[in-house]
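A.B. asks: Enclosed is the structure file model26.pdb (PDB, C-alpha atoms, pLDDT in the B column).
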ATOM      1  CA  MET B1233      11.723 -13.138  10.732  1.00 61.00           C
ATOM      2  CA  TYR B1234       8.977 -10.513  10.303  1.00 62.00           C
ATOM      3  CA  LEU B1235      10.204  -9.527   6.868  1.00 73.00           C
ATOM      4  CA  ARG B1236      10.561 -13.152   5.790  1.00 83.00           C
ATOM      5  CA  ILE B1237       6.967 -13.913   6.751  1.00 86.00           C
ATOM      6  CA  ALA B1238       5.641 -10.796   4.992  1.00 85.00           C
ATOM      7  CA  GLU B1239       7.629 -11.695   1.851  1.00 87.00           C
ATOM      8  CA  SER B1240       6.376 -15.293   1.914  1.00 89.00           C
ATOM      9  CA  VAL B1241       2.789 -14.130   2.321  1.00 90.00           C
ATOM     10  CA  HIS B1242       3.286 -11.643  -0.533  1.00 90.00           C
ATOM     11  CA  GLN B1243       4.453 -14.421  -2.853  1.00 91.00           C
ATOM     12  CA  ILE B1244       1.524 -16.737  -2.189  1.00 90.00           C
ATOM     13  CA  VAL B1245      -1.288 -14.149  -2.083  1.00 90.00           C
ATOM     14  CA  THR B1246      -0.420 -12.218  -5.243  1.00 90.00           C
ATOM     15  CA  PRO B1247      -1.827 -14.854  -7.670  1.00 90.00           C
ATOM     16  CA  VAL B1248      -4.963 -15.296  -5.532  1.00 89.00           C
ATOM     17  CA  LEU B1249      -5.616 -11.557  -5.472  1.00 91.00           C
ATOM     18  CA  ALA B1250      -5.070 -11.260  -9.219  1.00 90.00           C
ATOM     19  CA  SER B1251      -7.607 -14.038  -9.829  1.00 90.00           C
ATOM     20  CA  GLU B1252     -10.112 -12.168  -7.650  1.00 88.00           C
ATOM     21  CA  GLY B1253      -9.528  -8.892  -9.493  1.00 91.00           C
ATOM     22  CA  VAL B1254      -8.020  -7.101  -6.510  1.00 92.00           C
ATOM     23  CA  GLU B1255      -4.647  -5.475  -6.017  1.00 90.00           C
ATOM     24  CA  LEU B1256      -2.281  -6.005  -3.101  1.00 91.00           C
ATOM     25  CA  ILE B1257      -1.499  -2.635  -1.530  1.00 90.00           C
ATOM     26  CA  ASP B1258       0.504  -3.605   1.527  1.00 89.00           C
ATOM     27  CA  ILE B1259       1.242  -6.348   4.052  1.00 91.00           C
ATOM     28  CA  GLU B1260       1.994  -5.710   7.721  1.00 90.00           C
ATOM     29  CA  TYR B1261       3.093  -8.389  10.144  1.00 90.00           C
ATOM     30  CA  ARG B1262       3.813  -7.343  13.694  1.00 89.00           C
ATOM     31  CA  ARG B1263       3.284  -8.076  17.349  1.00 90.00           C
ATOM     32  CA  GLU B1264       0.627  -6.002  19.061  1.00 91.00           C
ATOM     33  CA  GLY B1265      -1.000  -6.071  22.484  1.00 88.00           C
ATOM     34  CA  ARG B1266      -3.341  -8.852  21.433  1.00 84.00           C
ATOM     35  CA  GLY B1267      -0.622 -10.984  19.802  1.00 90.00           C
ATOM     36  CA  TRP B1268       0.688 -11.354  16.263  1.00 93.00           C
ATOM     37  CA  VAL B1269      -1.321  -9.606  13.544  1.00 93.00           C
ATOM     38  CA  LEU B1270      -1.037 -10.109   9.795  1.00 93.00           C
ATOM     39  CA  ARG B1271      -2.743  -7.281   7.890  1.00 93.00           C
ATOM     40  CA  VAL B1272      -3.295  -7.538   4.165  1.00 93.00           C
ATOM     41  CA  PHE B1273      -4.525  -4.363   2.470  1.00 93.00           C
ATOM     42  CA  ILE B1274      -6.305  -4.777  -0.861  1.00 93.00           C
ATOM     43  CA  ASP B1275      -7.961  -2.453  -3.345  1.00 91.00           C
ATOM     44  CA  LYS B1276      -9.696  -2.471  -6.701  1.00 89.00           C
ATOM     45  CA  LYS B1277     -11.191   0.083  -9.012  1.00 85.00           C
ATOM     46  CA  GLY B1278     -14.371   1.305  -7.361  1.00 85.00           C
ATOM     47  CA  GLY B1279     -13.177   0.120  -3.944  1.00 86.00           C
ATOM     48  CA  VAL B1280     -13.340  -3.188  -2.129  1.00 90.00           C
ATOM     49  CA  THR B1281     -16.426  -4.515  -0.394  1.00 91.00           C
ATOM     50  CA  LEU B1282     -16.825  -6.514   2.793  1.00 93.00           C
ATOM     51  CA  ASP B1283     -17.510  -9.563   0.603  1.00 93.00           C
ATOM     52  CA  ASP B1284     -14.188  -9.011  -1.213  1.00 92.00           C
ATOM     53  CA  CYS B1285     -12.323  -8.880   2.098  1.00 93.00           C
ATOM     54  CA  THR B1286     -14.102 -11.950   3.464  1.00 93.00           C
ATOM     55  CA  ASN B1287     -13.506 -13.989   0.310  1.00 92.00           C
ATOM     56  CA  VAL B1288      -9.826 -13.039   0.123  1.00 93.00           C
ATOM     57  CA  SER B1289      -9.364 -13.659   3.845  1.00 93.00           C
ATOM     58  CA  HIS B1290     -10.673 -17.234   3.592  1.00 93.00           C
ATOM     59  CA  GLN B1291      -8.517 -18.006   0.569  1.00 92.00           C
ATOM     60  CA  ILE B1292      -5.242 -16.599   1.855  1.00 91.00           C
ATOM     61  CA  GLY B1293      -5.847 -17.906   5.378  1.00 91.00           C
ATOM     62  CA  ASP B1294      -6.121 -21.414   3.951  1.00 91.00           C
ATOM     63  CA  LEU B1295      -2.982 -20.923   1.834  1.00 90.00           C
ATOM     64  CA  ILE B1296      -0.953 -19.701   4.802  1.00 90.00           C
ATOM     65  CA  GLU B1297      -2.036 -22.784   6.754  1.00 89.00           C
ATOM     66  CA  VAL B1298      -1.284 -25.232   3.924  1.00 89.00           C
ATOM     67  CA  LYS B1299       2.134 -23.677   3.240  1.00 88.00           C
ATOM     68  CA  ASP B1300       2.830 -23.517   7.010  1.00 87.00           C
ATOM     69  CA  ILE B1301       4.233 -19.989   6.744  1.00 88.00           C
ATOM     70  CA  ILE B1302       3.294 -18.908  10.272  1.00 89.00           C
ATOM     71  CA  ASP B1303       3.813 -21.538  12.957  1.00 86.00           C
ATOM     72  CA  HIS B1304       2.242 -19.692  15.885  1.00 88.00           C
ATOM     73  CA  PRO B1305      -1.156 -18.115  16.630  1.00 91.00           C
ATOM     74  CA  TYR B1306      -1.905 -14.902  14.723  1.00 92.00           C
ATOM     75  CA  ILE B1307      -4.841 -12.773  13.658  1.00 93.00           C
ATOM     76  CA  LEU B1308      -5.444 -12.286   9.936  1.00 94.00           C
ATOM     77  CA  GLU B1309      -7.051  -9.008   8.890  1.00 94.00           C
ATOM     78  CA  VAL B1310      -7.893  -8.229   5.265  1.00 95.00           C
ATOM     79  CA  SER B1311      -9.131  -4.728   4.562  1.00 92.00           C
ATOM     80  CA  SER B1312      -9.220  -1.723   2.302  1.00 91.00           C
ATOM     81  CA  PRO B1313      -6.322   0.702   2.646  1.00 88.00           C
ATOM     82  CA  GLY B1314      -8.837   3.408   3.621  1.00 84.00           C
ATOM     83  CA  VAL B1315      -9.438   6.880   2.280  1.00 83.00           C
ATOM     84  CA  ASN B1316      -5.829   7.972   2.827  1.00 86.00           C
ATOM     85  CA  ARG B1317      -4.585   5.100   0.676  1.00 89.00           C
ATOM     86  CA  PRO B1318      -0.821   4.630   0.628  1.00 91.00           C
ATOM     87  CA  LEU B1319       0.917   5.013  -2.722  1.00 93.00           C
ATOM     88  CA  LYS B1320       3.478   2.219  -2.925  1.00 88.00           C
ATOM     89  CA  ASN B1321       4.155   1.480  -6.580  1.00 88.00           C
ATOM     90  CA  ILE B1322       5.043   3.497  -9.651  1.00 91.00           C
ATOM     91  CA  SER B1323       1.648   2.543 -11.078  1.00 88.00           C
ATOM     92  CA  ASP B1324      -0.019   4.278  -8.093  1.00 91.00           C
ATOM     93  CA  PHE B1325       1.649   7.573  -8.995  1.00 94.00           C
ATOM     94  CA  GLU B1326       0.423   7.231 -12.566  1.00 92.00           C
ATOM     95  CA  ARG B1327      -3.095   6.055 -11.614  1.00 90.00           C
ATOM     96  CA  PHE B1328      -3.808   8.843  -9.121  1.00 92.00           C
ATOM     97  CA  LYS B1329      -2.593  11.758 -11.221  1.00 94.00           C
ATOM     98  CA  GLY B1330      -4.648  14.852 -10.377  1.00 95.00           C
ATOM     99  CA  LYS B1331      -5.393  13.707  -6.813  1.00 94.00           C
ATOM    100  CA  GLN B1332      -4.288  15.377  -3.592  1.00 95.00           C
ATOM    101  CA  VAL B1333      -1.312  13.614  -2.021  1.00 97.00           C
ATOM    102  CA  LYS B1334       1.098  13.859   0.859  1.00 97.00           C
ATOM    103  CA  ILE B1335       4.685  12.736   0.259  1.00 97.00           C
ATOM    104  CA  LYS B1336       7.624  12.428   2.635  1.00 97.00           C
ATOM    105  CA  ALA B1337      11.087  12.289   1.051  1.00 97.00           C
ATOM    106  CA  ARG B1338      14.237  10.745   2.496  1.00 96.00           C
ATOM    107  CA  ILE B1339      16.327  13.708   1.326  1.00 95.00           C
ATOM    108  CA  LEU B1340      15.858  17.475   1.210  1.00 96.00           C
ATOM    109  CA  ILE B1341      14.414  18.723  -2.064  1.00 95.00           C
ATOM    110  CA  ASP B1342      14.355  22.508  -2.434  1.00 93.00           C
ATOM    111  CA  GLY B1343      14.853  22.714   1.331  1.00 94.00           C
ATOM    112  CA  ARG B1344      11.990  20.426   2.309  1.00 95.00           C
ATOM    113  CA  ARG B1345      11.149  16.776   2.936  1.00 96.00           C
ATOM    114  CA  ASN B1346       7.356  16.995   3.266  1.00 97.00           C
ATOM    115  CA  PHE B1347       5.097  17.799   0.344  1.00 97.00           C
ATOM    116  CA  GLU B1348       1.327  18.166   0.178  1.00 97.00           C
ATOM    117  CA  GLY B1349      -0.335  19.067  -3.094  1.00 96.00           C
ATOM    118  CA  THR B1350      -1.677  17.772  -6.400  1.00 96.00           C
ATOM    119  CA  LEU B1351       0.021  14.780  -7.983  1.00 97.00           C
ATOM    120  CA  THR B1352       0.851  15.804 -11.539  1.00 96.00           C
ATOM    121  CA  GLY B1353       2.441  12.568 -12.666  1.00 91.00           C
ATOM    122  CA  TYR B1354       5.399  10.268 -12.866  1.00 94.00           C
ATOM    123  CA  ASP B1355       8.126  10.325 -15.517  1.00 92.00           C
ATOM    124  CA  GLN B1356      11.516   8.630 -15.699  1.00 93.00           C
ATOM    125  CA  GLY B1357      11.872   7.954 -11.987  1.00 94.00           C
ATOM    126  CA  ILE B1358      10.526  11.329 -10.850  1.00 96.00           C
ATOM    127  CA  VAL B1359       7.195  11.902  -9.081  1.00 97.00           C
ATOM    128  CA  ARG B1360       5.839  15.376  -9.741  1.00 97.00           C
ATOM    129  CA  ILE B1361       3.664  17.301  -7.308  1.00 97.00           C
ATOM    130  CA  ALA B1362       2.177  20.799  -7.663  1.00 97.00           C
ATOM    131  CA  ILE B1363       2.127  23.007  -4.576  1.00 96.00           C
ATOM    132  CA  ASP B1364       0.990  26.627  -4.877  1.00 93.00           C
ATOM    133  CA  SER B1365       1.645  26.713  -8.652  1.00 90.00           C
ATOM    134  CA  LYS B1366       5.185  25.326  -8.259  1.00 95.00           C
ATOM    135  CA  ILE B1367       6.047  21.833  -9.505  1.00 95.00           C
ATOM    136  CA  TYR B1368       8.426  19.748  -7.391  1.00 96.00           C
ATOM    137  CA  GLY B1369      10.198  16.660  -8.687  1.00 96.00           C
ATOM    138  CA  ILE B1370      10.789  13.939  -6.118  1.00 97.00           C
ATOM    139  CA  PRO B1371      12.899  10.928  -7.097  1.00 97.00           C
ATOM    140  CA  TYR B1372      10.736   7.830  -6.635  1.00 97.00           C
ATOM    141  CA  LYS B1373      13.583   5.985  -4.877  1.00 96.00           C
ATOM    142  CA  GLU B1374      13.770   8.790  -2.274  1.00 96.00           C
ATOM    143  CA  ILE B1375      10.098   8.559  -1.219  1.00 97.00           C
ATOM    144  CA  VAL B1376       9.730   7.275   2.327  1.00 96.00           C
ATOM    145  CA  LYS B1377       5.954   7.516   2.485  1.00 95.00           C
ATOM    146  CA  ALA B1378       3.171   8.719   0.200  1.00 96.00           C
ATOM    147  CA  ASN B1379      -0.594   8.795   0.708  1.00 95.00           C
ATOM    148  CA  LEU B1380      -3.704  10.079  -0.980  1.00 94.00           C
ATOM    149  CA  ILE B1381      -5.410  12.849   0.957  1.00 93.00           C
ATOM    150  CA  TYR B1382      -9.145  12.474   1.048  1.00 82.00           C
ATOM    151  CA  ASP B1383     -10.925  15.815   1.001  1.00 72.00           C
ATOM    152  CA  PHE B1384     -14.126  15.640   3.014  1.00 66.00           C
TER
END
Go ahead and render the structure in this file as structure tokens.
C.D. replies:
Amino acid sequence: MYLRIAESVHQIVTPVLASEGVELIDIEYRREGRGWVLRVFIDKKGGVTLDDCTNVSHQIGDLIEVKDIIDHPYILEVSSPGVNRPLKNISDFERFKGKQVKIKARILIDGRRNFEGTLTGYDQGIVRIAIDSKIYGIPYKEIVKANLIYDF
């Protein structure tokens, strides 16, 4: 059920976000202490503003109601992915080349699963990361989690 709702929301919000010039980063739908929460994370070049989040929230909230995707009370939250932005798509690994990242792999690669270093690019299904002057190649399909690391 949770996955079905997230997939349905993904399908209806993608065109709205594109028309607003923002990118869908992630959707979470889960039960928390205060009830059901639907979180939609958006981003755009230069970052999203409170006005972007408010505008998108009103539009997708109305769409969810019209399409009757969620038939029980829930809280809709639309926000930026934050400074430690998740990297979800191949385009993210190309876009953030040169940035500090943290990657967790599903399999062992050179004896490790966790990598923290400089993203050097993506090529033919392999994400490359430089750590202490060594380049590691991580198959994109084996990445469990990847995030930017914001350096304060």
A.B. asks: Excluding Ile1274 in chain B and residues on its chain fewer than 2 positions from it, collect all residues at most 10 Å away from it, counting all atoms listed in the file, and give them as a list in words.
C.D. replies: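 So, after excluding close chain neighbours, the residues are Leu1249, Val1254, Glu1255, Leu1256, Ile1257, Asp1258, Ile1259, Arg1271, Val1272, Lys1276, Gly1279, Val1280, Asp1284, Cys1285, Val1288, Val1310, Ser1311, Ser1312, Pro1313 and Gly1314 of chain B.
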A.B. asks: Can you list, as a PyMOL selection string, every protein, DNA or RNA residue that comes within 6 Å of Val1269 in chain B when you count only C-alpha atoms, leaving out same-chain residues fewer than 6 positions away?
C.D. replies: chain B and resi 1261-1262+1306-1307
A.B. asks: With C-alpha atoms retained, export the selected residues as a short mmCIF file (atom, residue, chain, number, x, y, z; two decimals), in the frame of the given file.
C.D. replies:
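Result file part14.cif:
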data_model
loop_
_atom_site.label_atom_id
_atom_site.label_comp_id
_atom_site.auth_asym_id
_atom_site.auth_seq_id
_atom_site.Cartn_x
_atom_site.Cartn_y
_atom_site.Cartn_z
CA TYR B 1261 3.09 -8.39 10.14
CA ARG B 1262 3.81 -7.34 13.69
CA TYR B 1306 -1.90 -14.90 14.72
CA ILE B 1307 -4.84 -12.77 13.66
#
A.B. asks: Written as a VMD selection string, which residues does the PyMOL selection byres ((chain B and resi 1293) around 12) give for the file shown?
C.D. replies: chain B and resid 1241 1244 to 1245 1248 1270 to 1272 1285 to 1292 1294 to 1302 1306 to 1310
A.B. asks: Interatomic distance between CA of Glu1252 in chain B and CA of Ser1240 in chain B?
C.D. replies: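 Distance reported for this atom pair: 19.3 Å.
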A.B. asks: Give the answer as one residue: which of B:Ile1361, B:Leu1351, B:Ile1367, B:Ala1378 has the shortest atom-to-atom distance to Phe1328 in chain B, using all atoms listed in the file?
C.D. replies: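 Smallest distance to Phe1328 in chain B is found for B:Leu1351.
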A.B. asks: Return the single residue from B:Ile1381, B:Ile1363, B:Ile1341, B:Ala1250 that is closest to Asp1275 in chain B, with distances computed using all atoms listed in the file.
C.D. replies: B:Ala1250
A.B. asks: Here is a test: counting all atoms listed in the file, which residue of B:Leu1282, B:Ile1237, B:Gly1353, B:Lys1331 is nearest to His1304 in chain B?
C.D. replies: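 Among B:Leu1282, B:Ile1237, B:Gly1353, B:Lys1331, it is B:Ile1237 that comes nearest to His1304 in chain B.
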A.B. asks: Hey, could you pull the box centre and edge lengths for range 1293-1309 of chain B, axis-aligned, 5 Å padding per side, all listed atoms, to one decimal in Å, as AutoDock Vina command-line options?
C.D. replies:
--center_x -1.4 --center_y -17.1 --center_z 9.2 --size_x 21.3 --size_y 26.2 --size_z 24.8
A.B. asks: What's the separation between CA of Phe1325 in chain B and CA of Arg1360 in chain B, in Å to one decimal place?
C.D. replies: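 CA of Arg1360 in chain B lies at a distance of 8.9 Å from CA of Phe1325 in chain B.
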A.B. asks: Care to translate the PyMOL selection byres ((chain B and resi 1322) around 9) into actual residues of this file, as a PyMOL selection string?
C.D. replies: chain B and resi 1319-1321+1323-1327+1354+1357+1359+1372
A.B. asks: I need the residues from that last selection saved to file as a short mmCIF file (atom, residue, chain, number, x, y, z; two decimals), in the coordinates of the input (with C-alpha atoms), if you can.
C.D. replies:
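As written to disk, selection31.cif reads:
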data_model
loop_
_atom_site.label_atom_id
_atom_site.label_comp_id
_atom_site.auth_asym_id
_atom_site.auth_seq_id
_atom_site.Cartn_x
_atom_site.Cartn_y
_atom_site.Cartn_z
CA LEU B 1319 0.92 5.01 -2.72
CA LYS B 1320 3.48 2.22 -2.92
CA ASN B 1321 4.16 1.48 -6.58
CA SER B 1323 1.65 2.54 -11.08
CA ASP B 1324 -0.02 4.28 -8.09
CA PHE B 1325 1.65 7.57 -8.99
CA GLU B 1326 0.42 7.23 -12.57
CA ARG B 1327 -3.10 6.06 -11.61
CA TYR B 1354 5.40 10.27 -12.87
CA GLY B 1357 11.87 7.95 -11.99
CA VAL B 1359 7.20 11.90 -9.08
CA TYR B 1372 10.74 7.83 -6.64
#
A.B. asks: Between B:Ile1339, B:Glu1348, B:Arg1317, B:Pro1305, which is the closest to Asp1364 in chain B once you count all atoms listed in the file?
C.D. replies: B:Glu1348
A.B. asks: Provide the CA of Phe1347 in chain B to CA of Lys1334 in chain B distance in Å, to one decimal place.
C.D. replies: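 Separation between CA of Phe1347 in chain B and CA of Lys1334 in chain B: 5.6 Å.
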A.B. asks: Let me know the residues the PyMOL selection byres ((chain B and resi 1374) around 7) catches in the file above, as a short mmCIF file (atom, residue, chain, number, x, y, z; two decimals) with C-alpha atoms, in the coordinates of the input.
C.D. replies:
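This is the output file result-v4.cif:
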data_model
loop_
_atom_site.label_atom_id
_atom_site.label_comp_id
_atom_site.auth_asym_id
_atom_site.auth_seq_id
_atom_site.Cartn_x
_atom_site.Cartn_y
_atom_site.Cartn_z
CA ALA B 1337 11.09 12.29 1.05
CA ARG B 1338 14.24 10.74 2.50
CA ILE B 1339 16.33 13.71 1.33
CA PRO B 1371 12.90 10.93 -7.10
CA TYR B 1372 10.74 7.83 -6.64
CA LYS B 1373 13.58 5.98 -4.88
CA ILE B 1375 10.10 8.56 -1.22
CA VAL B 1376 9.73 7.28 2.33
#
A.B. asks: Could range 1285-1309 of chain B be completed with N, CA and C atoms and returned as a PDB file, in the coordinates of the input?
C.D. replies:
ATOM      1  N   CYS B1285     -13.247  -8.634   0.980  1.00 93.00           N
ATOM      2  CA  CYS B1285     -12.323  -8.880   2.098  1.00 93.00           C
ATOM      3  C   CYS B1285     -12.534 -10.263   2.706  1.00 93.00           C
ATOM      4  N   THR B1286     -13.789 -10.643   2.883  1.00 93.00           N
ATOM      5  CA  THR B1286     -14.102 -11.950   3.464  1.00 93.00           C
ATOM      6  C   THR B1286     -13.615 -13.079   2.561  1.00 93.00           C
ATOM      7  N   ASN B1287     -13.915 -12.974   1.279  1.00 92.00           N
ATOM      8  CA  ASN B1287     -13.506 -13.989   0.310  1.00 92.00           C
ATOM      9  C   ASN B1287     -11.986 -14.140   0.272  1.00 92.00           C
ATOM     10  N   VAL B1288     -11.287 -13.017   0.172  1.00 93.00           N
ATOM     11  CA  VAL B1288      -9.826 -13.039   0.123  1.00 93.00           C
ATOM     12  C   VAL B1288      -9.258 -13.583   1.430  1.00 93.00           C
ATOM     13  N   SER B1289      -9.833 -13.198   2.542  1.00 93.00           N
ATOM     14  CA  SER B1289      -9.364 -13.659   3.845  1.00 93.00           C
ATOM     15  C   SER B1289      -9.420 -15.182   3.949  1.00 93.00           C
ATOM     16  N   HIS B1290     -10.536 -15.767   3.534  1.00 93.00           N
ATOM     17  CA  HIS B1290     -10.673 -17.234   3.592  1.00 93.00           C
ATOM     18  C   HIS B1290      -9.629 -17.917   2.710  1.00 93.00           C
ATOM     19  N   GLN B1291      -9.452 -17.382   1.503  1.00 92.00           N
ATOM     20  CA  GLN B1291      -8.517 -18.006   0.569  1.00 92.00           C
ATOM     21  C   GLN B1291      -7.070 -17.914   1.045  1.00 92.00           C
ATOM     22  N   ILE B1292      -6.656 -16.714   1.467  1.00 91.00           N
ATOM     23  CA  ILE B1292      -5.242 -16.599   1.855  1.00 91.00           C
ATOM     24  C   ILE B1292      -4.985 -17.225   3.223  1.00 91.00           C
ATOM     25  N   GLY B1293      -5.993 -17.225   4.087  1.00 91.00           N
ATOM     26  CA  GLY B1293      -5.847 -17.906   5.378  1.00 91.00           C
ATOM     27  C   GLY B1293      -5.576 -19.385   5.181  1.00 91.00           C
ATOM     28  N   ASP B1294      -6.330 -19.995   4.257  1.00 91.00           N
ATOM     29  CA  ASP B1294      -6.121 -21.414   3.951  1.00 91.00           C
ATOM     30  C   ASP B1294      -4.736 -21.653   3.354  1.00 91.00           C
ATOM     31  N   LEU B1295      -4.307 -20.775   2.455  1.00 90.00           N
ATOM     32  CA  LEU B1295      -2.982 -20.923   1.834  1.00 90.00           C
ATOM     33  C   LEU B1295      -1.857 -20.826   2.860  1.00 90.00           C
ATOM     34  N   ILE B1296      -1.986 -19.876   3.765  1.00 90.00           N
ATOM     35  CA  ILE B1296      -0.953 -19.701   4.802  1.00 90.00           C
ATOM     36  C   ILE B1296      -0.859 -20.960   5.659  1.00 90.00           C
ATOM     37  N   GLU B1297      -2.021 -21.552   5.960  1.00 89.00           N
ATOM     38  CA  GLU B1297      -2.036 -22.784   6.754  1.00 89.00           C
ATOM     39  C   GLU B1297      -1.408 -23.948   5.987  1.00 89.00           C
ATOM     40  N   VAL B1298      -1.801 -24.127   4.739  1.00 89.00           N
ATOM     41  CA  VAL B1298      -1.284 -25.232   3.924  1.00 89.00           C
ATOM     42  C   VAL B1298       0.227 -25.114   3.738  1.00 89.00           C
ATOM     43  N   LYS B1299       0.703 -23.900   3.473  1.00 88.00           N
ATOM     44  CA  LYS B1299       2.134 -23.677   3.240  1.00 88.00           C
ATOM     45  C   LYS B1299       2.920 -23.591   4.545  1.00 88.00           C
ATOM     46  N   ASP B1300       2.208 -23.564   5.682  1.00 87.00           N
ATOM     47  CA  ASP B1300       2.830 -23.517   7.010  1.00 87.00           C
ATOM     48  C   ASP B1300       3.820 -22.359   7.140  1.00 87.00           C
ATOM     49  N   ILE B1301       3.372 -21.173   6.719  1.00 88.00           N
ATOM     50  CA  ILE B1301       4.233 -19.989   6.744  1.00 88.00           C
ATOM     51  C   ILE B1301       4.370 -19.418   8.156  1.00 88.00           C
ATOM     52  N   ILE B1302       3.276 -19.447   8.908  1.00 89.00           N
ATOM     53  CA  ILE B1302       3.294 -18.908  10.272  1.00 89.00           C
ATOM     54  C   ILE B1302       2.997 -20.059  11.225  1.00 89.00           C
ATOM     55  N   ASP B1303       3.939 -20.361  12.098  1.00 86.00           N
ATOM     56  CA  ASP B1303       3.813 -21.538  12.957  1.00 86.00           C
ATOM     57  C   ASP B1303       3.359 -21.224  14.378  1.00 86.00           C
ATOM     58  N   HIS B1304       2.751 -20.066  14.576  1.00 88.00           N
ATOM     59  CA  HIS B1304       2.242 -19.692  15.885  1.00 88.00           C
ATOM     60  C   HIS B1304       0.903 -18.961  15.700  1.00 88.00           C
ATOM     61  N   PRO B1305       0.136 -18.793  16.768  1.00 91.00           N
ATOM     62  CA  PRO B1305      -1.156 -18.115  16.630  1.00 91.00           C
ATOM     63  C   PRO B1305      -0.996 -16.674  16.124  1.00 91.00           C
ATOM     64  N   TYR B1306      -1.906 -16.264  15.264  1.00 92.00           N
ATOM     65  CA  TYR B1306      -1.905 -14.902  14.723  1.00 92.00           C
ATOM     66  C   TYR B1306      -3.327 -14.536  14.316  1.00 92.00           C
ATOM     67  N   ILE B1307      -3.544 -13.273  14.122  1.00 93.00           N
ATOM     68  CA  ILE B1307      -4.841 -12.773  13.658  1.00 93.00           C
ATOM     69  C   ILE B1307      -4.644 -12.276  12.233  1.00 93.00           C
ATOM     70  N   LEU B1308      -5.495 -12.730  11.318  1.00 94.00           N
ATOM     71  CA  LEU B1308      -5.444 -12.286   9.936  1.00 94.00           C
ATOM     72  C   LEU B1308      -6.524 -11.230   9.722  1.00 94.00           C
ATOM     73  N   GLU B1309      -6.114 -10.077   9.231  1.00 94.00           N
ATOM     74  CA  GLU B1309      -7.051  -9.008   8.890  1.00 94.00           C
ATOM     75  C   GLU B1309      -6.854  -8.651   7.423  1.00 94.00           C
TER      76      GLU B1309
END
